[in-house]
Every structure is written in structure tokens, then in C-alpha cells.
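Below is entry12.cif, holding mmCIF, C-alpha atoms.
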```
data_input
#
loop_
_atom_site.label_atom_id
_atom_site.label_comp_id
_atom_site.auth_asym_id
_atom_site.auth_seq_id
_atom_site.Cartn_x
_atom_site.Cartn_y
_atom_site.Cartn_z
CA MET Z 1 35.79 104.78 219.93
CA ARG Z 2 37.51 105.71 216.68
CA SER Z 3 35.39 105.68 213.51
CA SER Z 4 37.83 103.27 211.84
CA THR Z 5 37.33 100.85 214.72
CA LEU Z 6 33.55 101.04 214.36
CA LEU Z 7 33.85 100.26 210.67
CA ARG Z 8 36.04 97.25 211.40
CA PHE Z 9 33.60 95.95 214.00
CA ALA Z 10 30.76 96.29 211.51
CA SER Z 11 32.79 94.38 208.92
CA PHE Z 12 33.66 91.72 211.48
CA SER Z 13 29.98 91.27 212.39
CA PHE Z 14 29.10 90.93 208.72
CA VAL Z 15 31.72 88.20 208.29
CA LEU Z 16 30.32 86.16 211.19
CA VAL Z 17 26.79 86.41 209.84
CA GLY Z 18 27.99 85.63 206.34
CA CYS Z 19 29.62 82.40 207.46
CA VAL Z 20 26.11 80.98 207.89
CA ALA Z 21 24.34 82.75 205.07
CA ASN Z 22 26.90 82.13 202.35
CA GLY Z 23 28.07 78.60 203.13
CA PRO Z 24 27.82 75.49 200.98
CA ASP Z 25 24.77 73.30 200.72
CA ALA Z 26 23.76 71.90 204.11
CA SER Z 27 23.90 68.34 202.80
CA SER Z 28 27.59 68.31 203.72
CA ASP Z 29 27.08 68.69 207.43
CA ASP Z 30 30.30 67.54 209.11
CA PRO Z 31 33.33 69.77 209.73
CA VAL Z 32 36.88 68.89 208.81
CA GLU Z 33 37.22 66.12 211.43
CA GLY Z 34 40.95 66.72 211.70
CA LYS Z 35 41.75 65.96 208.04
CA ALA Z 36 42.84 69.44 207.00
CA ASP Z 37 46.58 68.93 207.40
CA GLY Z 38 46.48 65.65 205.51
CA GLY Z 39 48.23 63.51 208.10
CA SER Z 40 50.13 63.81 211.36
CA ARG Z 41 49.00 66.37 213.90
CA ARG Z 42 51.30 69.34 214.47
CA THR Z 43 51.68 70.73 217.99
CA PHE Z 44 51.99 74.50 218.25
CA SER Z 45 50.65 77.64 219.91
CA VAL Z 46 49.41 81.03 218.76
CA SER Z 47 49.30 83.99 221.14
CA ALA Z 48 48.79 87.73 221.25
CA SER Z 49 52.58 88.01 221.46
CA THR Z 50 53.27 85.90 218.37
CA VAL Z 51 50.64 87.75 216.32
CA GLU Z 52 52.08 91.04 217.52
CA ALA Z 53 55.53 89.83 216.43
CA LEU Z 54 54.25 89.72 212.83
CA GLY Z 55 54.78 93.48 212.84
CA GLY Z 56 51.67 94.12 210.79
CA SER Z 57 52.78 91.82 207.96
CA LEU Z 58 50.98 88.64 206.91
CA SER Z 59 53.73 87.43 204.60
CA GLY Z 60 54.55 83.81 205.31
CA VAL Z 61 51.05 82.94 206.49
CA SER Z 62 49.60 80.03 204.54
CA PRO Z 63 47.09 79.97 202.93
CA ALA Z 64 47.96 83.49 201.80
CA VAL Z 65 45.90 86.31 203.30
CA ARG Z 66 45.25 88.85 200.53
CA THR Z 67 41.60 89.84 200.89
CA ALA Z 68 39.30 90.90 203.70
CA ASP Z 69 36.15 93.04 203.41
CA SER Z 70 35.82 95.68 200.72
CA GLY Z 71 36.77 98.51 203.04
CA HIS Z 72 39.97 97.16 204.59
CA THR Z 73 43.10 95.20 203.89
CA PRO Z 74 43.70 92.11 206.07
CA SER Z 75 46.73 93.72 207.71
CA SER Z 76 44.58 96.61 208.98
CA TYR Z 77 43.00 94.11 211.38
CA LEU Z 78 46.40 93.81 213.07
CA ASP Z 79 46.24 97.42 214.29
CA SER Z 80 46.05 97.86 218.06
CA ASP Z 81 42.78 99.80 217.64
CA SER Z 82 41.25 96.92 215.70
CA CYS Z 83 39.63 93.65 216.78
CA LEU Z 84 42.50 92.21 218.86
CA GLY Z 85 43.12 95.34 220.91
CA ALA Z 86 41.65 96.89 224.03
CA LEU Z 87 38.74 98.42 222.10
CA GLY Z 88 37.89 95.13 220.41
CA PRO Z 89 35.45 92.35 221.37
CA LEU Z 90 38.02 90.74 223.71
CA GLY Z 91 38.47 93.94 225.69
CA ALA Z 92 36.88 95.32 228.84
CA TRP Z 93 34.10 97.05 226.90
CA GLY Z 94 33.26 94.03 224.75
CA PRO Z 95 30.65 91.28 225.21
CA LEU Z 96 33.01 89.19 227.37
CA GLY Z 97 33.56 92.01 229.86
CA ALA Z 98 31.71 93.21 232.94
CA LEU Z 99 29.15 95.16 230.91
CA GLY Z 100 28.25 92.11 228.81
CA PRO Z 101 25.59 89.46 229.50
CA VAL Z 102 27.67 87.34 231.93
CA GLY Z 103 28.18 88.43 235.52
CA ASP Z 104 26.49 88.90 238.88
CA SER Z 105 25.31 92.50 238.49
CA THR Z 106 21.72 93.53 237.84
CA TRP Z 107 22.46 94.45 234.22
CA ASN Z 108 23.96 91.02 233.42
CA ALA Z 109 21.46 88.65 231.81
CA SER Z 110 23.03 85.66 233.57
CA THR Z 111 21.92 87.08 236.92
CA TRP Z 112 18.28 86.81 235.93
CA ILE Z 113 18.65 83.45 234.24
CA SER Z 114 20.29 81.91 237.31
CA ALA Z 115 17.58 83.46 239.50
CA ALA Z 116 15.04 81.25 237.70
CA GLY Z 117 16.55 78.19 239.38
CA ASN Z 118 16.55 74.77 237.72
CA TRP Z 119 14.54 74.70 234.48
CA SER Z 120 16.50 71.89 232.82
CA LYS Z 121 13.34 69.81 232.29
CA TRP Z 122 11.82 72.65 230.31
CA SER Z 123 15.11 72.84 228.37
CA GLU Z 124 14.70 69.16 227.41
CA GLN Z 125 11.23 69.91 226.07
CA MET Z 126 12.59 72.83 224.02
CA THR Z 127 15.32 70.56 222.64
CA ASP Z 128 12.69 68.10 221.46
CA LEU Z 129 10.97 71.00 219.68
CA GLY Z 130 14.12 72.20 217.90
CA GLY Z 131 15.51 74.54 220.57
CA PRO Z 132 19.09 75.84 221.10
CA LEU Z 133 20.43 72.43 222.20
CA SER Z 134 18.81 70.51 219.36
CA GLU Z 135 20.44 69.47 216.11
CA ALA Z 136 19.06 72.70 214.61
CA GLY Z 137 20.82 74.85 217.22
CA PRO Z 138 24.24 76.53 217.29
CA LEU Z 139 26.00 73.32 218.39
CA GLY Z 140 24.39 71.25 215.65
CA PRO Z 141 25.65 70.48 212.13
CA LYS Z 142 23.99 73.57 210.63
CA GLY Z 143 25.49 75.92 213.23
CA PRO Z 144 28.84 77.77 213.42
CA LEU Z 145 30.77 74.50 213.91
CA GLY Z 146 29.29 72.74 210.89
CA ALA Z 147 29.57 72.91 207.12
CA ASN Z 148 27.75 76.23 206.77
CA GLY Z 149 29.83 77.76 209.54
CA TYR Z 150 33.36 76.55 210.28
CA ASP Z 151 33.94 74.85 206.92
CA ALA Z 152 32.49 77.77 204.97
CA LEU Z 153 34.85 80.41 206.35
CA PRO Z 154 37.46 80.10 203.54
CA GLN Z 155 34.71 80.65 200.97
CA ILE Z 156 34.00 84.14 202.33
CA ASN Z 157 37.52 85.54 201.99
CA ASP Z 158 41.14 84.98 203.02
CA TRP Z 159 40.65 86.89 206.29
CA SER Z 160 37.76 84.65 207.32
CA LYS Z 161 39.87 81.56 206.74
CA GLN Z 162 42.09 82.81 209.55
CA LEU Z 163 39.19 82.47 212.00
CA GLN Z 164 39.70 78.70 211.83
CA ALA Z 165 41.91 76.80 214.28
CA GLY Z 166 45.51 78.00 214.22
CA GLY Z 167 44.61 81.15 212.30
CA VAL Z 168 45.88 84.66 212.96
CA TRP Z 169 42.45 85.72 214.23
CA SER Z 170 41.27 82.32 215.45
CA VAL Z 171 40.66 83.70 218.96
CA LEU Z 172 37.72 85.61 217.42
CA GLY Z 173 36.33 82.61 215.55
CA PRO Z 174 33.88 79.75 216.15
CA ILE Z 175 36.14 77.75 218.50
CA GLY Z 176 37.10 80.78 220.61
CA PRO Z 177 35.43 82.59 223.52
CA LEU Z 178 33.02 84.46 221.23
CA GLY Z 179 31.75 81.24 219.62
CA PRO Z 180 29.04 78.75 220.60
CA LEU Z 181 31.38 76.80 222.93
CA GLY Z 182 32.16 79.84 225.08
CA PRO Z 183 30.41 81.85 227.81
CA LEU Z 184 28.01 83.54 225.38
CA GLY Z 185 26.76 80.25 223.90
CA PRO Z 186 24.16 77.66 224.90
CA LEU Z 187 26.56 75.87 227.27
CA GLY Z 188 27.23 78.89 229.46
CA PRO Z 189 25.65 81.10 232.12
CA ILE Z 190 23.09 82.50 229.66
CA GLY Z 191 22.64 79.16 227.90
CA ALA Z 192 19.65 76.96 227.27
CA HIS Z 193 20.64 74.01 229.48
CA GLY Z 194 18.52 75.32 232.34
CA TYR Z 195 20.63 74.08 235.24
CA ALA Z 196 20.80 76.10 238.44
CA THR Z 197 24.13 77.26 239.85
CA ASP Z 198 25.57 76.86 243.34
CA ASP Z 199 27.74 79.36 245.21
CA ASN Z 200 30.89 78.07 243.46
CA GLY Z 201 29.48 78.56 239.98
CA SER Z 202 28.91 74.83 239.33
CA TYR Z 203 25.74 73.73 237.57
CA VAL Z 204 23.49 71.54 239.70
CA ASP Z 205 20.41 69.40 239.22
CA GLY Z 206 19.13 69.13 242.76
CA SER Z 207 22.15 68.00 244.80
CA LYS Z 208 24.01 66.62 241.76
CA VAL Z 209 26.73 68.62 239.99
CA VAL Z 210 26.32 68.48 236.20
CA ARG Z 211 29.45 68.95 234.05
CA THR Z 212 28.45 67.81 230.53
CA ILE Z 213 25.52 67.72 228.16
CA GLN Z 214 24.76 65.79 224.98
CA VAL Z 215 23.69 67.42 221.73
CA PRO Z 216 22.50 65.54 218.61
CA TRP Z 217 24.68 65.74 215.52
CA ASP Z 218 23.68 64.08 212.26
CA GLY Z 219 22.01 61.07 213.87
CA ALA Z 220 24.60 60.67 216.64
CA MET Z 221 25.29 62.46 219.93
CA ARG Z 222 28.17 64.75 220.84
CA THR Z 223 29.15 65.40 224.43
CA TYR Z 224 30.05 68.97 225.34
CA GLY Z 225 31.35 70.35 228.61
CA LEU Z 226 29.03 72.90 230.18
CA PHE Z 227 30.66 76.31 230.49
CA GLU Z 228 30.82 77.34 234.15
CA ASN Z 229 31.58 80.75 235.67
CA TYR Z 230 33.59 79.68 238.73
CA THR Z 231 34.65 81.75 241.69
CA GLU Z 232 38.39 82.30 241.99
CA ASP Z 233 38.74 80.25 245.18
CA HIS Z 234 36.80 77.28 243.82
CA ALA Z 235 38.65 77.21 240.49
CA LYS Z 236 42.01 77.24 242.29
CA ARG Z 237 40.96 74.28 244.45
CA MET Z 238 39.64 72.12 241.62
CA THR Z 239 41.61 68.98 240.78
CA ASN Z 240 39.42 67.79 237.89
CA ASN Z 241 38.60 70.92 235.92
CA ASP Z 242 38.09 70.61 232.15
CA THR Z 243 38.59 72.95 229.18
CA SER Z 244 35.20 74.68 229.34
CA PHE Z 245 34.99 77.35 232.06
CA MET Z 246 35.71 80.91 233.10
CA VAL Z 247 36.94 82.45 236.35
CA HIS Z 248 36.18 85.84 237.82
CA GLY Z 249 39.51 86.67 239.50
CA GLU Z 250 41.33 89.58 241.12
CA ILE Z 251 44.97 90.67 241.36
CA ASP Z 252 45.72 93.31 243.98
CA THR Z 253 49.49 93.66 243.57
CA ASP Z 254 51.89 93.56 240.63
CA SER Z 255 53.69 90.58 242.20
CA GLU Z 256 50.57 88.42 242.60
CA VAL Z 257 50.12 85.42 240.28
CA ASP Z 258 46.88 83.41 240.12
CA SER Z 259 47.17 79.75 239.04
CA TYR Z 260 44.46 77.43 237.73
CA THR Z 261 44.89 73.80 236.64
CA PHE Z 262 42.72 71.93 234.15
CA TYR Z 263 42.83 68.81 231.98
CA SER Z 264 41.99 68.06 228.35
CA ASP Z 265 39.68 65.11 227.70
CA SER Z 266 40.71 64.83 224.02
CA ASP Z 267 43.16 65.90 221.35
CA GLN Z 268 41.91 69.39 220.56
CA PHE Z 269 42.63 73.12 220.44
CA VAL Z 270 42.32 75.09 223.67
CA THR Z 271 41.86 78.85 223.51
CA VAL Z 272 42.47 80.93 226.64
CA VAL Z 273 41.97 84.70 226.99
CA VAL Z 274 42.31 87.00 230.00
CA VAL Z 275 39.75 89.80 229.74
CA PRO Z 276 40.29 92.86 231.98
CA GLU Z 277 37.21 94.20 233.72
CA ASN Z 278 38.70 97.68 233.47
CA ALA Z 279 40.40 98.95 230.32
CA LEU Z 280 43.16 100.62 232.38
CA SER Z 281 44.44 97.21 233.56
CA ASP Z 282 46.93 95.05 231.68
CA PHE Z 283 46.96 91.33 232.52
CA ASP Z 284 49.37 88.74 231.14
CA LEU Z 285 48.85 85.03 230.55
CA GLU Z 286 50.97 81.89 230.75
CA LEU Z 287 50.06 78.26 229.99
CA SER Z 288 52.35 75.42 231.04
CA SER Z 289 52.28 71.63 230.80
CA GLY Z 290 54.74 68.79 230.45
CA ARG Z 291 55.52 70.13 226.98
CA GLY Z 292 56.76 73.48 228.23
CA THR Z 293 55.46 76.99 228.76
CA VAL Z 294 53.72 79.45 226.45
CA LYS Z 295 53.48 83.13 227.39
CA SER Z 296 51.44 86.07 226.13
CA ASP Z 297 52.45 89.49 227.47
CA SER Z 298 51.21 92.07 225.00
CA ALA Z 299 50.29 95.58 226.24
CA GLY Z 300 46.61 95.64 225.34
CA MET Z 301 45.09 98.41 227.46
CA GLN Z 302 43.95 102.00 227.52
CA SER Z 303 45.99 104.65 229.31
CA ALA Z 304 44.94 107.78 231.15
CA SER Z 305 46.85 111.07 231.31
CA ILE Z 306 46.18 114.78 231.63
CA PHE Z 307 45.59 114.73 227.88
CA GLY Z 308 42.77 112.17 228.15
CA ILE Z 309 42.38 108.49 227.37
CA GLY Z 310 44.93 106.91 225.06
CA LEU Z 311 45.53 103.45 223.65
CA GLU Z 312 48.59 101.28 224.19
CA ASP Z 313 50.08 99.63 221.11
CA GLY Z 314 49.18 96.00 221.91
CA TYR Z 315 46.53 93.29 222.14
CA ILE Z 316 44.39 91.65 224.80
CA ASP Z 317 46.41 88.60 225.88
CA PHE Z 318 45.34 85.20 224.61
CA ILE Z 319 46.85 81.82 223.83
CA GLN Z 320 45.51 79.10 221.55
CA MET Z 321 47.39 75.82 221.44
CA THR Z 322 47.06 72.19 220.50
CA VAL Z 323 46.69 69.86 223.48
CA SER Z 324 46.52 66.09 223.84
CA GLN Z 325 44.05 63.86 225.60
CA GLY Z 326 44.82 63.74 229.32
CA GLU Z 327 47.23 66.69 229.18
CA LYS Z 328 47.41 68.73 232.39
CA ILE Z 329 47.61 72.47 231.82
CA THR Z 330 48.22 75.24 234.33
CA ALA Z 331 47.11 78.77 233.50
CA LYS Z 332 48.82 81.63 235.31
CA VAL Z 333 47.46 85.18 235.30
CA SER Z 334 49.70 88.10 236.28
CA ALA Z 335 49.52 91.84 235.76
CA LYS Z 336 51.78 94.58 234.45
CA THR Z 337 49.42 97.08 236.00
CA THR Z 338 45.90 97.11 237.43
CA ASN Z 339 43.37 99.80 238.13
CA ALA Z 340 43.12 100.05 241.91
CA ALA Z 341 39.34 100.46 241.86
CA PHE Z 342 38.76 97.47 239.55
CA PRO Z 343 41.72 95.03 239.72
CA THR Z 344 39.59 92.18 238.34
CA TYR Z 345 39.78 89.97 235.29
CA ARG Z 346 37.98 87.13 233.57
CA LEU Z 347 39.99 84.07 232.59
CA ILE Z 348 38.12 82.26 229.81
CA VAL Z 349 39.07 78.73 228.69
CA VAL Z 350 37.43 77.14 225.63
CA GLY Z 351 38.16 73.68 224.19
CA SER Z 352 37.32 72.97 220.56
CA GLY Z 353 36.53 69.30 221.13
CA SER Z 354 38.06 66.36 219.30
CA HIS Z 355 36.17 67.02 216.07
CA ILE Z 356 38.40 70.06 215.40
CA ALA Z 357 41.91 68.92 216.31
CA ASN Z 358 43.98 69.77 213.20
CA THR Z 359 44.41 72.65 210.77
CA ASP Z 360 46.01 73.39 207.41
CA ILE Z 361 46.97 76.95 208.41
CA LYS Z 362 50.68 77.61 208.90
CA GLY Z 363 52.81 80.66 209.44
CA PRO Z 364 55.25 82.60 211.61
CA HIS Z 365 52.47 83.38 214.12
CA GLN Z 366 52.57 79.69 215.13
CA VAL Z 367 55.30 78.49 217.50
CA ALA Z 368 56.07 74.78 217.88
CA ARG Z 369 55.37 73.30 221.30
#
```

Whole structure, C-alpha cells version:
Amino acid sequence: MRSSTLLRFASFSFVLVGCVANGPDASSDDPVEGKADGGSRRTFSVSASTVEALGGSLSGVSPAVRTADSGHTPSSYLDSDSCLGALGPLGAWGPLGALGPVGDSTWNASTWISAAGNWSKWSEQMTDLGGPLSEAGPLGPKGPLGANGYDALPQINDWSKQLQAGGVWSVLGPIGPLGPLGPLGPLGPIGAHGYATDDNGSYVDGSKVVRTIQVPWDGAMRTYGLFENYTEDHAKRMTNNDTSFMVHGEIDTDSEVDSYTFYSDSDQFVTVVVVPENALSDFDLELSSGRGTVKSDSAGMQSASIFGIGLEDGYIDFIQMTVSQGEKITAKVSAKTTNAAFPTYRLIVVGSGSHIANTDIKGPHQVAR
């Protein structure tokens, strides 16, 4: 990995930690609650393709993006060897890929957690003692979605503001696949809910399939969808899937297209990314509903030649878009090229929930739906 990329990853990690350490006083615990745009809710999408179309320029993005960390300009994070590219955290070698904690191999932590069976009762006891699913945990008001996390991002710098919903780098932020609502958080395969999994990837308590869990928030309860790791066949058959799941899929030919349908239970943002399990594969993404179709077909991959491993000038494909309650969405995964030995991908779908449904960020990277 290039030294510049390592520096950017280090800076990125510092930003995520800083969003908790440098936030406002915890007495203001609730996030924006959809008030950021001051009124009616805009409907739009952001994708790897629309960010790529910025051409490395952040002019026109509002609020203005002038500062990042001390070592880099904001525009340097638009490079293909930076955080959105194949070498970044969304790529095959990142935490969402096959070498990360989620999977069915011996090195994946989720394998060992699922082998423990159903320990949901123990999870309830931990919650009562302030565990990961308590109000003090990452889904509570003092976590990445609360005042010291999501709301505090603009106070760090202009770049961090763009980790919020609708931002240029929102796919990397708290409501994306790397945040607490995704596969790496307490709702997912390595999470603290303690439910066993069946052969389809569903969570079960005995013979009962469990789809949601409640987490306390400032004296009330919020309902979150558990984050399942479904098999390809099961996810394709589902007629009632939600916006909190991932699929381990495979495409054997360039003409193959895999389709998955899901529904939104609220007005919210939905972020979808297709992570290759091999960096020599390039998968594309399409989301369609009654409002039309959004595509992301950037060339985010590594390339091999007699001169060694290179890097294509593009991003890992993702789409973030506003959706409405009850909206039916179909995700389609296709491939420009796949590595014959590992033609597999991970489709990851993350809903923000109704408490983050609006944004004050605007710019040419957003396309009206």
C-alpha cells in the first residue's frame, strides 16, 4: 500500500475517534431529527459515480469544504488511492471484506461468535449493566449517532461534516456500512445481541426468527433492525426484507445480474455498497424503485500485469439515497470483470432510521431522484 494511503487512513481513523472525544457537552443528546434542511425533505442520491464526476473538485459543495486534517487537503481524499478506492476501507482488503471479522472462515470472528449458539439472555443481562446495547453503547445517545458523534462532525473540520447524510464521504460515516448500524456494529454478526443464526443467516431465538431489537435512548426506546448476513439464495427469495442486511453473493459470468428486493420501514437514508472479495474484481451497483433507477459503475479495482499490481482510477461502487416509508427497492449487482478464482462479493445495505432523514448538505455530487 502506498505511504500516502497509509497516512490518509491514519488521518481518517483520527477523525472518527475525534468525533467522540471532541464533541459538545453530552447534555444535548439527540441528533438533528431531520431539522437540518429547515423544512421540506429533498429526495436525491449520491453514488461513487457522482462523486467521481466531481473530477477532484469540491467547488459547489455546501457547506464549503476547505479544511481536512493538517497533512492533506480535502480534495486529496478524492484520489483513487484514497479512502473511496480499492485500497480503502470499502475495498477487498478492508474490514468489510473477506479478511475482516465477518464471514464463515476460521479467521472471521463471526464464525466463533455464531458457534456459541444463542446467548441472548446473557446479552440482556449485559444491557442492564451498561453493555453494548444499553443507552451507554454505540447505538445510544452518547455514541456515534448522538450529539457527541453525528452532530459533532462539523465541529472537527469541513471534511468531517461530509461524513453526515448526503455528504461526499457519507458512505464512510456513522450511517454507512462502517458505522454502528452496519455489519461491524452491535446489530450484526459480531454484535452483542446474542442470537443464534440458522442456515439462511437469519437470527433465531429457538424456533422464532428475530428481526429487530430495542435500544434505550434518552428515556425512550428505539427499534433497530438486526443486521443479518444472508445467503444469496435466501436473500433473493425474501419478500419482506428490510434495510439492514448483507448478502454473500457470486457472479460467474459478465452477463449475470443478481437482484435483491427490500423495503424501507421509514423515511430515511439507505446506503448500499458492493464490496469485492478479491481486489481484481470490479462489481457495479444499481438501485431501482417507483421513483426511477440510480446506477454506480465506477472502476474501483486493482489490476494485474507483467509489471505487477496496479490500481484503476475509480472507486468501490456505492449508492446512498433518500427513501420513503414503504418504498420497495431492488438492488442489482453486475460485474465488469471478476477474478475466476474468487468471483464473490458482499452486498451491504444500511438504513439510517427515521431519526436521520434530512440533511443540509448540497452539491453537484447529489442527483435528484

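Selection check: the PyMOL selection byres ((chain Z and resi 157-160) around 8) on the shown file gives Val15, Pro63, Ala64, Val65, Arg66, Thr67, Ala68, Asp69, Pro74, Leu153, Pro154, Gln155, Ile156, Lys161, Gln162, Leu163 and Gln164 of chain Z.
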
Please produce a file of the residues just selected, as an mmCIF file, in the coordinates of the input, where the atoms kept are C-alpha atoms.
```cif
data_model
loop_
_atom_site.group_PDB
_atom_site.id
_atom_site.type_symbol
_atom_site.label_atom_id
_atom_site.label_comp_id
_atom_site.auth_asym_id
_atom_site.auth_seq_id
_atom_site.Cartn_x
_atom_site.Cartn_y
_atom_site.Cartn_z
ATOM 1 C CA VAL Z 15 31.720 88.200 208.290
ATOM 2 C CA PRO Z 63 47.090 79.970 202.930
ATOM 3 C CA ALA Z 64 47.960 83.490 201.800
ATOM 4 C CA VAL Z 65 45.900 86.310 203.300
ATOM 5 C CA ARG Z 66 45.250 88.850 200.530
ATOM 6 C CA THR Z 67 41.600 89.840 200.890
ATOM 7 C CA ALA Z 68 39.300 90.900 203.700
ATOM 8 C CA ASP Z 69 36.150 93.040 203.410
ATOM 9 C CA PRO Z 74 43.700 92.110 206.070
ATOM 10 C CA LEU Z 153 34.850 80.410 206.350
ATOM 11 C CA PRO Z 154 37.460 80.100 203.540
ATOM 12 C CA GLN Z 155 34.710 80.650 200.970
ATOM 13 C CA ILE Z 156 34.000 84.140 202.330
ATOM 14 C CA LYS Z 161 39.870 81.560 206.740
ATOM 15 C CA GLN Z 162 42.090 82.810 209.550
ATOM 16 C CA LEU Z 163 39.190 82.470 212.000
ATOM 17 C CA GLN Z 164 39.700 78.700 211.830
#
```

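Distances here use all atoms listed in the file; by that measure, the residue among Z:Gln320, Z:Ser80, Z:Asn358, Z:Ser114 closest to Z:Gly55 is Z:Ser80.
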
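Atom CA of Z:Lys328 sits 26.0 Å away from atom CA of Z:Leu139.
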
So that I can see what lies close to Z:Lys336, please list as a compact mmCIF listing (two decimals) with C-alpha atoms, in the frame of the given file the residues with an atom at most 10 Å from it, counting only C-alpha atoms and leaving out residues fewer than 6 positions away in the same chain.
```txt
# COMPACT_ATOMS: atom_id res chain seq x y z
CA THR Z 253 49.49 93.66 243.57
CA ASP Z 254 51.89 93.56 240.63
CA SER Z 255 53.69 90.58 242.20
CA SER Z 281 44.44 97.21 233.56
CA ASP Z 282 46.93 95.05 231.68
CA PHE Z 283 46.96 91.33 232.52
CA ASP Z 284 49.37 88.74 231.14
CA ASP Z 297 52.45 89.49 227.47
CA SER Z 298 51.21 92.07 225.00
CA ALA Z 299 50.29 95.58 226.24
```

To verify the selection step, state as a PDB file with C-alpha atoms, keeping the file's coordinate frame which residues the PyMOL selection byres ((chain Z and resi 234-242) around 12) yields on this input.
```pdb
ATOM      1  CA  ASP Z 198      25.570  76.860 243.340  1.00  0.00           C
ATOM      2  CA  ASP Z 199      27.740  79.360 245.210  1.00  0.00           C
ATOM      3  CA  ASN Z 200      30.890  78.070 243.460  1.00  0.00           C
ATOM      4  CA  GLY Z 201      29.480  78.560 239.980  1.00  0.00           C
ATOM      5  CA  SER Z 202      28.910  74.830 239.330  1.00  0.00           C
ATOM      6  CA  ARG Z 211      29.450  68.950 234.050  1.00  0.00           C
ATOM      7  CA  THR Z 212      28.450  67.810 230.530  1.00  0.00           C
ATOM      8  CA  TYR Z 224      30.050  68.970 225.340  1.00  0.00           C
ATOM      9  CA  GLY Z 225      31.350  70.350 228.610  1.00  0.00           C
ATOM     10  CA  LEU Z 226      29.030  72.900 230.180  1.00  0.00           C
ATOM     11  CA  PHE Z 227      30.660  76.310 230.490  1.00  0.00           C
ATOM     12  CA  GLU Z 228      30.820  77.340 234.150  1.00  0.00           C
ATOM     13  CA  ASN Z 229      31.580  80.750 235.670  1.00  0.00           C
ATOM     14  CA  TYR Z 230      33.590  79.680 238.730  1.00  0.00           C
ATOM     15  CA  THR Z 231      34.650  81.750 241.690  1.00  0.00           C
ATOM     16  CA  GLU Z 232      38.390  82.300 241.990  1.00  0.00           C
ATOM     17  CA  ASP Z 233      38.740  80.250 245.180  1.00  0.00           C
ATOM     18  CA  THR Z 243      38.590  72.950 229.180  1.00  0.00           C
ATOM     19  CA  SER Z 244      35.200  74.680 229.340  1.00  0.00           C
ATOM     20  CA  PHE Z 245      34.990  77.350 232.060  1.00  0.00           C
ATOM     21  CA  MET Z 246      35.710  80.910 233.100  1.00  0.00           C
ATOM     22  CA  VAL Z 247      36.940  82.450 236.350  1.00  0.00           C
ATOM     23  CA  HIS Z 248      36.180  85.840 237.820  1.00  0.00           C
ATOM     24  CA  GLY Z 249      39.510  86.670 239.500  1.00  0.00           C
ATOM     25  CA  VAL Z 257      50.120  85.420 240.280  1.00  0.00           C
ATOM     26  CA  ASP Z 258      46.880  83.410 240.120  1.00  0.00           C
ATOM     27  CA  SER Z 259      47.170  79.750 239.040  1.00  0.00           C
ATOM     28  CA  TYR Z 260      44.460  77.430 237.730  1.00  0.00           C
ATOM     29  CA  THR Z 261      44.890  73.800 236.640  1.00  0.00           C
ATOM     30  CA  PHE Z 262      42.720  71.930 234.150  1.00  0.00           C
ATOM     31  CA  TYR Z 263      42.830  68.810 231.980  1.00  0.00           C
ATOM     32  CA  SER Z 264      41.990  68.060 228.350  1.00  0.00           C
ATOM     33  CA  ASP Z 265      39.680  65.110 227.700  1.00  0.00           C
ATOM     34  CA  SER Z 266      40.710  64.830 224.020  1.00  0.00           C
ATOM     35  CA  VAL Z 270      42.320  75.090 223.670  1.00  0.00           C
ATOM     36  CA  GLN Z 325      44.050  63.860 225.600  1.00  0.00           C
ATOM     37  CA  GLY Z 326      44.820  63.740 229.320  1.00  0.00           C
ATOM     38  CA  GLU Z 327      47.230  66.690 229.180  1.00  0.00           C
ATOM     39  CA  LYS Z 328      47.410  68.730 232.390  1.00  0.00           C
ATOM     40  CA  ILE Z 329      47.610  72.470 231.820  1.00  0.00           C
ATOM     41  CA  THR Z 330      48.220  75.240 234.330  1.00  0.00           C
ATOM     42  CA  ALA Z 331      47.110  78.770 233.500  1.00  0.00           C
ATOM     43  CA  LYS Z 332      48.820  81.630 235.310  1.00  0.00           C
ATOM     44  CA  VAL Z 333      47.460  85.180 235.300  1.00  0.00           C
ATOM     45  CA  LEU Z 347      39.990  84.070 232.590  1.00  0.00           C
ATOM     46  CA  ILE Z 348      38.120  82.260 229.810  1.00  0.00           C
ATOM     47  CA  VAL Z 349      39.070  78.730 228.690  1.00  0.00           C
ATOM     48  CA  VAL Z 350      37.430  77.140 225.630  1.00  0.00           C
ATOM     49  CA  GLY Z 351      38.160  73.680 224.190  1.00  0.00           C
ATOM     50  CA  SER Z 352      37.320  72.970 220.560  1.00  0.00           C
ATOM     51  CA  GLY Z 353      36.530  69.300 221.130  1.00  0.00           C
TER      52      GLY Z 353
END
```

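In this comparison, which uses all atoms listed in the file, the residue of Z:Ser207, Z:Thr337, Z:Thr111, Z:Gln125 approaching Z:Ser303 most closely is Z:Thr337.
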
Could you give me the axis-aligned bounding box of stretch 158-171 of chain Z, with 6 Å of padding per side, as centre plus edge lengths in Å to one decimal, as AutoDock Vina command-line options?
```
--center_x 41.8 --center_y 81.8 --center_z 211.0 --size_x 20.1 --size_y 22.1 --size_z 27.9
```

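Nearest to Z:Thr322 of all the residues Z:Ser123, Z:Thr223, Z:Gln366, Z:Asn148 is Z:Gln366, counting only C-alpha atoms.
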